[in-house]
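Source file: target-v1.pdb; contents: PDB, C-alpha atoms.
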```pdb
ATOM      1  CA  MET M   1       3.594 -19.681   8.800
ATOM      2  CA  HIS M   2       6.798 -18.227  10.206
ATOM      3  CA  GLY M   3       8.139 -14.732   9.757
ATOM      4  CA  GLN M   4      11.742 -13.826  10.395
ATOM      5  CA  CYS M   5      13.573 -10.515  10.416
ATOM      6  CA  ALA M   6      16.659 -10.371   8.207
ATOM      7  CA  GLY M   7      18.484  -9.134  11.308
ATOM      8  CA  ASN M   8      17.727 -12.189  13.447
ATOM      9  CA  ARG M   9      20.916 -13.115  15.397
ATOM     10  CA  ARG M  10      22.533  -9.767  14.535
ATOM     11  CA  THR M  11      24.140  -9.534  17.993
ATOM     12  CA  ALA M  12      26.490 -12.407  17.136
ATOM     13  CA  MET M  13      27.691 -10.459  14.098
ATOM     14  CA  SER M  14      28.209  -7.329  16.165
ATOM     15  CA  ASN M  15      30.477  -9.351  18.458
ATOM     16  CA  VAL M  16      32.812  -9.791  15.462
ATOM     17  CA  ARG M  17      32.715  -6.197  14.232
ATOM     18  CA  THR M  18      30.316  -3.305  14.654
ATOM     19  CA  VAL M  19      27.180  -3.508  12.512
ATOM     20  CA  LYS M  20      24.306  -1.103  11.960
ATOM     21  CA  GLY M  21      20.881  -2.205  13.120
ATOM     22  CA  VAL M  22      18.712  -3.307  16.020
ATOM     23  CA  GLY M  23      20.586  -5.720  18.285
ATOM     24  CA  TRP M  24      18.420  -8.795  17.812
ATOM     25  CA  ASP M  25      19.480 -11.988  19.514
ATOM     26  CA  VAL M  26      17.761 -15.237  18.444
ATOM     27  CA  SER M  27      14.111 -14.235  18.814
ATOM     28  CA  ALA M  28      13.423 -11.904  15.871
ATOM     29  CA  ILE M  29      11.133 -14.609  14.518
ATOM     30  CA  GLY M  30       7.581 -15.775  15.073
ATOM     31  CA  ASN M  31       5.060 -18.314  13.847
ATOM     32  CA  ALA M  32       1.347 -17.648  13.421
ATOM     33  CA  VAL M  33      -1.793 -18.800  11.632
ATOM     34  CA  TRP M  34      -2.727 -16.134   9.097
ATOM     35  CA  SER M  35      -6.095 -15.768   7.393
ATOM     36  CA  GLY M  36      -6.959 -13.619   4.406
ATOM     37  CA  ALA M  37      -7.224 -13.566   0.642
ATOM     38  CA  LYS M  38      -4.565 -15.086  -1.573
ATOM     39  CA  LEU M  39      -2.902 -12.341  -3.565
ATOM     40  CA  ALA M  40      -2.950 -14.602  -6.641
ATOM     41  CA  ASP M  41      -6.769 -14.784  -6.411
ATOM     42  CA  VAL M  42      -7.111 -11.009  -6.010
ATOM     43  CA  LEU M  43      -4.858 -10.353  -8.990
ATOM     44  CA  GLU M  44      -6.843 -12.853 -11.053
ATOM     45  CA  LEU M  45     -10.021 -10.907 -10.273
ATOM     46  CA  VAL M  46      -8.474  -7.785 -11.819
ATOM     47  CA  GLY M  47      -7.385  -9.614 -14.963
ATOM     48  CA  ILE M  48      -3.917 -10.962 -14.150
ATOM     49  CA  PRO M  49      -4.009 -14.772 -14.503
ATOM     50  CA  ASN M  50      -2.220 -17.201 -12.230
ATOM     51  CA  LEU M  51       1.452 -17.883 -13.029
ATOM     52  CA  THR M  52       1.907 -14.624 -14.924
ATOM     53  CA  SER M  53       5.476 -13.351 -15.130
ATOM     54  CA  VAL M  54       4.839 -10.298 -17.310
ATOM     55  CA  THR M  55       1.586  -8.445 -17.915
ATOM     56  CA  ARG M  56       0.589  -7.242 -21.369
ATOM     57  CA  SER M  57       1.657  -3.740 -20.369
ATOM     58  CA  GLY M  58       5.087  -4.962 -19.168
ATOM     59  CA  GLY M  59       4.474  -5.298 -15.428
ATOM     60  CA  LYS M  60       6.923  -7.647 -13.712
ATOM     61  CA  HIS M  61       6.697  -6.661 -10.043
ATOM     62  CA  VAL M  62       4.003  -6.139  -7.410
ATOM     63  CA  GLU M  63       4.590  -3.202  -5.076
ATOM     64  CA  PHE M  64       3.007  -2.908  -1.638
ATOM     65  CA  VAL M  65       2.665   0.608  -0.193
ATOM     66  CA  SER M  66       1.935   1.176   3.489
ATOM     67  CA  ILE M  67       0.164   4.068   5.155
ATOM     68  CA  ASP M  68       3.118   4.073   7.590
ATOM     69  CA  LYS M  69       5.423   7.016   6.938
ATOM     70  CA  CYS M  70       9.159   6.834   7.671
ATOM     71  CA  LYS M  71      12.126   9.176   7.716
ATOM     72  CA  GLU M  72      14.102   6.931   5.337
ATOM     73  CA  GLU M  73      11.528   7.763   2.649
ATOM     74  CA  ASN M  74      11.759  11.477   3.546
ATOM     75  CA  GLY M  75       8.354  11.278   5.178
ATOM     76  CA  GLY M  76       6.890   9.094   2.445
ATOM     77  CA  PRO M  77       5.373   5.646   2.916
ATOM     78  CA  TYR M  78       7.185   2.384   3.608
ATOM     79  CA  LYS M  79       7.055   0.167   0.521
ATOM     80  CA  ALA M  80       8.461  -3.042  -0.925
ATOM     81  CA  SER M  81       7.864  -5.356  -3.864
ATOM     82  CA  ILE M  82       8.033  -8.983  -4.945
ATOM     83  CA  PRO M  83       8.212 -10.469  -8.457
ATOM     84  CA  LEU M  84       4.885 -10.816 -10.255
ATOM     85  CA  SER M  85       5.675 -14.484 -10.898
ATOM     86  CA  GLN M  86       5.683 -15.061  -7.136
ATOM     87  CA  ALA M  87       2.594 -12.954  -6.492
ATOM     88  CA  THR M  88       0.536 -14.839  -9.095
ATOM     89  CA  ASN M  89       1.675 -18.304  -8.037
ATOM     90  CA  PRO M  90      -1.009 -19.916  -5.833
ATOM     91  CA  GLU M  91       1.624 -22.276  -4.401
ATOM     92  CA  ALA M  92       3.625 -19.290  -3.084
ATOM     93  CA  ASP M  93       0.712 -18.562  -0.697
ATOM     94  CA  VAL M  94       1.236 -14.782  -0.585
ATOM     95  CA  LEU M  95      -1.617 -13.438   1.543
ATOM     96  CA  LEU M  96      -3.485 -10.212   2.025
ATOM     97  CA  ALA M  97      -4.074 -10.996   5.678
ATOM     98  CA  TYR M  98      -6.748  -9.570   7.960
ATOM     99  CA  GLU M  99      -6.647 -12.195  10.735
ATOM    100  CA  MET M 100      -3.870 -13.633  12.893
ATOM    101  CA  ASN M 101      -4.355 -16.719  15.057
ATOM    102  CA  GLY M 102      -8.116 -16.617  14.499
ATOM    103  CA  GLU M 103      -8.573 -12.980  15.515
ATOM    104  CA  PRO M 104      -8.635  -9.709  13.576
ATOM    105  CA  LEU M 105      -5.194  -8.183  13.167
ATOM    106  CA  ASN M 106      -4.252  -5.864  15.985
ATOM    107  CA  ARG M 107      -2.595  -2.531  15.408
ATOM    108  CA  ASP M 108       0.971  -3.751  15.971
ATOM    109  CA  HIS M 109       0.585  -6.551  13.447
ATOM    110  CA  GLY M 110      -0.807  -4.403  10.632
ATOM    111  CA  TYR M 111      -4.537  -3.769  11.165
ATOM    112  CA  PRO M 112      -6.665  -3.670   9.118
ATOM    113  CA  LEU M 113      -4.750  -5.338   6.254
ATOM    114  CA  ARG M 114      -1.198  -6.469   5.672
ATOM    115  CA  VAL M 115       0.809  -8.558   3.248
ATOM    116  CA  VAL M 116       2.338 -11.860   4.348
ATOM    117  CA  VAL M 117       5.039 -13.189   2.022
ATOM    118  CA  PRO M 118       6.059 -16.601   3.397
ATOM    119  CA  GLY M 119       9.652 -17.795   3.164
ATOM    120  CA  VAL M 120      10.930 -14.257   2.536
ATOM    121  CA  ILE M 121      12.595 -11.793   4.920
ATOM    122  CA  GLY M 122      10.065  -9.945   7.052
ATOM    123  CA  ALA M 123      10.773  -6.566   5.445
ATOM    124  CA  ARG M 124       8.727  -7.574   2.374
ATOM    125  CA  SER M 125       5.564  -8.389   4.394
ATOM    126  CA  VAL M 126       4.257  -4.830   4.417
ATOM    127  CA  LYS M 127       1.915  -3.873   7.262
ATOM    128  CA  TRP M 128      -0.932  -1.322   7.239
ATOM    129  CA  LEU M 129      -1.407  -1.858   3.510
ATOM    130  CA  ASP M 130      -2.724   1.089   1.505
ATOM    131  CA  THR M 131      -1.981   0.444  -2.178
ATOM    132  CA  ILE M 132      -0.904  -2.376  -4.507
ATOM    133  CA  ASN M 133       0.832  -1.372  -7.742
ATOM    134  CA  ILE M 134       2.000  -3.366 -10.759
ATOM    135  CA  LEU M 135       5.414  -2.097 -11.874
ATOM    136  CA  ALA M 136       7.795  -2.775 -14.738
ATOM    137  CA  GLU M 137      10.772  -2.479 -12.365
ATOM    138  CA  GLU M 138      11.142  -3.519  -8.741
ATOM    139  CA  CYS M 139      10.160  -1.031  -6.057
ATOM    140  CA  GLN M 140      12.622   1.857  -5.751
ATOM    141  CA  GLY M 141      11.912   2.438  -2.066
ATOM    142  CA  PHE M 142      14.719   2.892   0.467
ATOM    143  CA  PHE M 143      14.288  -0.527   2.078
ATOM    144  CA  MET M 144      14.510  -2.257  -1.303
ATOM    145  CA  GLN M 145      17.403  -0.276  -2.776
ATOM    146  CA  LYS M 146      19.508   1.049   0.119
ATOM    147  CA  ASP M 147      18.933  -1.519   2.831
ATOM    148  CA  TYR M 148      18.408  -5.258   3.292
ATOM    149  CA  LYS M 149      21.105  -6.271   0.863
ATOM    150  CA  MET M 150      23.965  -8.620   1.707
ATOM    151  CA  PHE M 151      27.541  -7.513   1.105
ATOM    152  CA  PRO M 152      30.840  -9.353   1.636
ATOM    153  CA  PRO M 153      32.981  -8.674   4.725
ATOM    154  CA  SER M 154      35.271  -6.416   2.662
ATOM    155  CA  VAL M 155      32.550  -3.800   2.105
ATOM    156  CA  ASN M 156      32.305  -0.887   4.551
ATOM    157  CA  TRP M 157      30.376   2.375   4.685
ATOM    158  CA  ASP M 158      33.099   4.134   2.681
ATOM    159  CA  ASN M 159      33.145   1.795  -0.325
ATOM    160  CA  ILE M 160      29.569   0.488  -0.396
ATOM    161  CA  ASN M 161      27.757   0.449  -3.761
ATOM    162  CA  TRP M 162      24.084  -0.313  -3.160
ATOM    163  CA  LYS M 163      23.402  -0.891  -6.862
ATOM    164  CA  SER M 164      25.839  -3.812  -6.944
ATOM    165  CA  ARG M 165      23.525  -6.109  -4.972
ATOM    166  CA  ARG M 166      19.943  -7.278  -5.392
ATOM    167  CA  PRO M 167      17.369  -6.917  -2.602
ATOM    168  CA  LEU M 168      17.201  -9.812  -0.172
ATOM    169  CA  MET M 169      14.220 -12.120  -0.591
ATOM    170  CA  ASP M 170      14.293 -15.821   0.436
ATOM    171  CA  PHE M 171      15.804 -16.544   3.835
ATOM    172  CA  PRO M 172      18.646 -19.108   4.028
ATOM    173  CA  VAL M 173      18.439 -22.178   6.240
ATOM    174  CA  GLN M 174      18.608 -21.359   9.951
ATOM    175  CA  CYS M 175      18.408 -23.100  13.325
ATOM    176  CA  VAL M 176      18.728 -21.947  16.917
ATOM    177  CA  ILE M 177      19.089 -23.698  20.275
ATOM    178  CA  CYS M 178      16.427 -22.354  22.639
ATOM    179  CA  SER M 179      16.643 -24.742  25.620
ATOM    180  CA  LEU M 180      20.096 -23.584  26.744
ATOM    181  CA  GLU M 181      21.865 -20.241  26.973
ATOM    182  CA  ASP M 182      25.454 -19.172  27.487
ATOM    183  CA  VAL M 183      24.713 -18.268  31.095
ATOM    184  CA  ASN M 184      23.424 -21.717  32.052
ATOM    185  CA  VAL M 185      25.172 -23.678  34.786
ATOM    186  CA  MET M 186      24.105 -27.305  34.841
ATOM    187  CA  LYS M 187      24.904 -30.534  36.592
ATOM    188  CA  PRO M 188      26.784 -33.203  34.628
ATOM    189  CA  GLY M 189      24.548 -35.734  32.921
ATOM    190  CA  LYS M 190      21.718 -35.891  30.433
ATOM    191  CA  ALA M 191      20.238 -32.685  29.025
ATOM    192  CA  LYS M 192      17.692 -31.793  26.359
ATOM    193  CA  VAL M 193      18.900 -29.645  23.490
ATOM    194  CA  SER M 194      15.968 -28.201  21.557
ATOM    195  CA  GLY M 195      15.042 -25.247  19.389
ATOM    196  CA  TYR M 196      13.661 -24.191  16.022
ATOM    197  CA  ALA M 197      14.769 -24.598  12.400
ATOM    198  CA  VAL M 198      13.479 -22.795   9.302
ATOM    199  CA  SER M 199      14.389 -22.205   5.692
ATOM    200  CA  GLY M 200      13.137 -19.843   3.008
ATOM    201  CA  GLY M 201      11.338 -20.434  -0.263
ATOM    202  CA  GLY M 202       9.178 -23.242   1.132
ATOM    203  CA  ARG M 203      12.168 -25.555   1.535
ATOM    204  CA  GLY M 204      11.776 -28.133   4.286
ATOM    205  CA  ILE M 205      14.255 -29.071   6.998
ATOM    206  CA  GLU M 206      16.035 -32.276   6.044
ATOM    207  CA  ARG M 207      18.222 -32.575   9.136
ATOM    208  CA  VAL M 208      19.379 -30.847  12.311
ATOM    209  CA  ASP M 209      22.750 -31.893  13.712
ATOM    210  CA  ILE M 210      23.921 -31.285  17.283
ATOM    211  CA  SER M 211      27.484 -31.377  18.588
ATOM    212  CA  VAL M 212      28.591 -31.292  22.230
ATOM    213  CA  ASP M 213      32.284 -30.874  21.440
ATOM    214  CA  GLY M 214      32.291 -27.700  19.377
ATOM    215  CA  GLY M 215      31.636 -29.406  16.045
ATOM    216  CA  LYS M 216      33.977 -32.403  16.052
ATOM    217  CA  ASN M 217      31.270 -35.051  16.417
ATOM    218  CA  TRP M 218      27.563 -34.854  15.671
ATOM    219  CA  VAL M 219      24.240 -36.510  16.483
ATOM    220  CA  GLU M 220      21.006 -35.991  14.588
ATOM    221  CA  ALA M 221      18.067 -34.451  16.430
ATOM    222  CA  SER M 222      14.465 -35.523  16.000
ATOM    223  CA  ARG M 223      12.149 -33.058  14.255
ATOM    224  CA  TYR M 224       8.469 -32.246  14.626
ATOM    225  CA  GLN M 225       5.900 -29.526  13.999
ATOM    226  CA  LYS M 226       3.104 -31.083  16.051
ATOM    227  CA  THR M 227       3.912 -32.830  19.318
ATOM    228  CA  GLY M 228       4.145 -36.585  18.910
ATOM    229  CA  ILE M 229       4.092 -36.521  15.101
ATOM    230  CA  PRO M 230       7.495 -36.964  13.412
ATOM    231  CA  TYR M 231       8.249 -34.323  10.809
ATOM    232  CA  ILE M 232       8.943 -35.429   7.237
ATOM    233  CA  ALA M 233      10.204 -32.669   4.964
ATOM    234  CA  ASP M 234       8.019 -31.978   1.911
ATOM    235  CA  HIS M 235       5.392 -34.476   3.095
ATOM    236  CA  MET M 236       1.730 -33.528   2.752
ATOM    237  CA  SER M 237       1.407 -33.671   6.549
ATOM    238  CA  SER M 238       4.047 -30.964   6.979
ATOM    239  CA  ASP M 239       3.645 -27.190   6.724
ATOM    240  CA  LYS M 240       6.327 -25.899   4.360
ATOM    241  CA  TRP M 241       6.021 -22.335   5.668
ATOM    242  CA  ALA M 242       6.083 -23.068   9.409
ATOM    243  CA  TRP M 243       9.039 -23.502  11.714
ATOM    244  CA  VAL M 244      10.244 -26.987  12.625
ATOM    245  CA  PHE M 245      11.139 -27.921  16.186
ATOM    246  CA  PHE M 246      14.084 -30.158  16.985
ATOM    247  CA  GLU M 247      15.230 -31.921  20.133
ATOM    248  CA  VAL M 248      17.723 -34.510  21.309
ATOM    249  CA  ILE M 249      18.802 -35.842  24.700
ATOM    250  CA  ILE M 250      22.571 -35.826  25.049
ATOM    251  CA  ASP M 251      25.147 -36.437  27.749
ATOM    252  CA  ILE M 252      27.057 -33.339  28.867
ATOM    253  CA  PRO M 253      29.778 -34.486  31.308
ATOM    254  CA  HIS M 254      31.768 -31.249  31.435
ATOM    255  CA  SER M 255      31.748 -27.604  30.365
ATOM    256  CA  THR M 256      31.631 -27.383  26.597
ATOM    257  CA  GLN M 257      30.310 -25.619  23.533
ATOM    258  CA  ILE M 258      27.086 -27.036  22.089
ATOM    259  CA  VAL M 259      26.565 -26.408  18.383
ATOM    260  CA  ALA M 260      23.518 -26.770  16.115
ATOM    261  CA  LYS M 261      23.340 -26.679  12.325
ATOM    262  CA  ALA M 262      20.483 -27.414   9.951
ATOM    263  CA  VAL M 263      20.286 -28.722   6.395
ATOM    264  CA  ASP M 264      17.299 -27.992   4.150
ATOM    265  CA  THR M 265      15.791 -30.087   1.366
ATOM    266  CA  ALA M 266      17.976 -28.386  -1.245
ATOM    267  CA  ALA M 267      21.054 -29.541   0.740
ATOM    268  CA  ASN M 268      21.817 -25.993   1.831
ATOM    269  CA  VAL M 269      23.680 -26.041   5.147
ATOM    270  CA  GLN M 270      24.429 -23.289   7.631
ATOM    271  CA  PRO M 271      27.936 -21.827   7.333
ATOM    272  CA  GLU M 272      30.323 -22.727  10.137
ATOM    273  CA  SER M 273      31.706 -19.288  10.911
ATOM    274  CA  VAL M 274      29.954 -15.966  11.470
ATOM    275  CA  GLU M 275      33.179 -14.196  10.479
ATOM    276  CA  THR M 276      32.909 -15.430   6.890
ATOM    277  CA  ILE M 277      29.408 -13.980   6.426
ATOM    278  CA  TRP M 278      29.847 -10.772   8.431
ATOM    279  CA  ASN M 279      28.301  -7.776   6.704
ATOM    280  CA  LEU M 280      27.932  -4.150   7.720
ATOM    281  CA  ARG M 281      24.153  -4.351   8.222
ATOM    282  CA  GLY M 282      24.327  -7.570  10.215
ATOM    283  CA  VAL M 283      21.757  -9.414   8.106
ATOM    284  CA  LEU M 284      21.295 -13.117   7.444
ATOM    285  CA  ASN M 285      23.407 -14.476  10.260
ATOM    286  CA  THR M 286      22.731 -18.144   9.682
ATOM    287  CA  SER M 287      26.051 -19.440  10.984
ATOM    288  CA  TRP M 288      26.188 -22.471  13.271
ATOM    289  CA  HIS M 289      24.434 -21.603  16.502
ATOM    290  CA  ARG M 290      26.766 -22.016  19.465
ATOM    291  CA  VAL M 291      25.958 -22.105  23.175
ATOM    292  CA  GLN M 292      28.652 -22.273  25.838
ATOM    293  CA  VAL M 293      27.481 -24.223  28.890
ATOM    294  CA  ARG M 294      29.212 -24.593  32.220
ATOM    295  CA  VAL M 295      28.919 -27.863  34.063
ATOM    296  CA  GLY M 296      29.247 -27.678  37.816
ATOM    297  CA  HIS M 297      27.153 -27.223  40.903
ATOM    298  CA  SER M 298      24.928 -24.157  40.953
ATOM    299  CA  ASN M 299      24.105 -22.416  44.216
ATOM    300  CA  MET M 300      20.533 -21.788  43.053
TER     301      MET M 300
END
```
Representation of the structure as structure tokens:
Amino acid sequence: MHGQCAGNRRTAMSNVRTVKGVGWDVSAIGNAVWSGAKLADVLELVGIPNLTSVTRSGGKHVEFVSIDKCKEENGGPYKASIPLSQATNPEADVLLAYEMNGEPLNRDHGYPLRVVVPGVIGARSVKWLDTINILAEECQGFFMQKDYKMFPPSVNWDNINWKSRRPLMDFPVQCVICSLEDVNVMKPGKAKVSGYAVSGGGRGIERVDISVDGGKNWVEASRYQKTGIPYIADHMSSDKWAWVFFEVIIDIPHSTQIVAKAVDTAANVQPESVETIWNLRGVLNTSWHRVQVRVGHSNM
């Protein structure tokens, strides 16, 4: 199951215009095996059946409250919420996790108990869990109401209206080249282009396209989650919440820009330009991933 910060690839946005937030490059993402209790099962034990959208008392949201205190909450606890319909859906696989990769959670990852909400921005997977509340309205915490919302490029800190946008939840389709970086100098010839692709909401990766001429012509990369086993989106052999690896061998005869873009099973495709999705918090940069490589003879 992968987890991705909404600010992954923020540095590319900050190269367009200044943004507010940690300067993540392409690695604000991880993939792990989580173990715990399904939230849907826990809620059923306290009288809220599976696939419930509204409780008899009017509850529509599940709030997670951490023991972690933060200045944005004026010294109060970090908190976030998800819709009750998602929390009570066994297929959504929301976990109250106490193990990671077969071992008890360590302190950094939320010991002794944390929430894992797959397919959703990492800010909703609350660590160091203290309390679960059923609310009529979504959580009113700072990170739900005054952060992690996506605004158009025209919005700045002088004209922002936080109430005009809903909190971010599902992550859009994303892919990143990991085998090459802008600083690479390589000899002309064959090279492997590989990396990861993910999408939110349990949507699979239908295709990853690679271009060696800045986006004029494309080739399709192979995809896999387990080495040697081809990946088929939405197949029972595939993990809908885990990242998908891609790779292709291509000829790079001269210095050029290599581009990657992914398409998910809902036919969502990454936007071409980071400029068109720039926003003042630098969130959800899912634009085509571009790597400039120089072909020549290195002295190394």
Q: Counting only C-alpha atoms, write as a PyMOL selection string all protein and nucleic acid residues lying at most 10 Å from (20.2, -19.4, 25.4) in the file's frame.
A: chain M and resi 25-26+176-184+195+290-293
Q) Leaving out region 35-38 of chain M and any residue of its chain fewer than 2 positions from it, which residues lie within 8 Å of it when counting all atoms listed in the file, given as a ChimeraX atom specification? A) /M:33,40-42,90,93-102
Q | Residues near Ile250 (chain M), cut-off 10 Å, all atoms listed in the file, skip fewer than 6 positions along chain, as number ranges by chain | A | M: 189-193, 210-212, 219, 221
Q | Near-Asn285 (chain M) list (8 Å; all atoms listed in the file; drop same-chain fewer than 2 positions) as a ChimeraX atom specification | A | /M:7-10,12-13,274,277-278,282-283,287
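CA of Phe171 (chain M) sits 24.5 Å away from CA of Asp68 (chain M).
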Neighbours of point (27.8, -4.1, -5.4) within 12 Å, using all atoms listed in the file, written as a compact mmCIF listing (two decimals) with C-alpha atoms, in the coordinates of the input:
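Saved as part-v8.txt:
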```txt
# COMPACT_ATOMS: atom_id res chain seq x y z
CA GLN M 145 17.40 -0.28 -2.78
CA LYS M 146 19.51 1.05 0.12
CA LYS M 149 21.10 -6.27 0.86
CA MET M 150 23.96 -8.62 1.71
CA PHE M 151 27.54 -7.51 1.10
CA PRO M 152 30.84 -9.35 1.64
CA SER M 154 35.27 -6.42 2.66
CA VAL M 155 32.55 -3.80 2.10
CA ASN M 156 32.30 -0.89 4.55
CA ASN M 159 33.15 1.80 -0.32
CA ILE M 160 29.57 0.49 -0.40
CA ASN M 161 27.76 0.45 -3.76
CA TRP M 162 24.08 -0.31 -3.16
CA LYS M 163 23.40 -0.89 -6.86
CA SER M 164 25.84 -3.81 -6.94
CA ARG M 165 23.52 -6.11 -4.97
CA ARG M 166 19.94 -7.28 -5.39
CA PRO M 167 17.37 -6.92 -2.60
```
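Taking only C-alpha atoms into account, Pro112 (chain M) lies nearest to M:Trp128 out of the set M:Trp34, M:Trp128, M:Trp288, M:Trp218.
Residue nearest Arg281 (chain M), chosen from M:Pro49, M:Gly122, M:Pro153, M:Gly75 and counting only C-alpha atoms: M:Pro153.
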Give, as JSON, the centre coordinates and the x, y and z edge lengths in Å to one decimal for an axis-aligned box around all listed atoms of region 48-62 of chain M, padded by 4 Å on each side.
```
{"center_x": 1.5, "center_y": -10.8, "center_z": -14.4, "size_x": 18.9, "size_y": 22.1, "size_z": 22.0}
```
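For the choices M:Arg124, M:Arg17, M:Arg223, M:His109, the atom-to-atom distance to Val62 (chain M) is smallest for M:Arg124 when using all atoms listed in the file.
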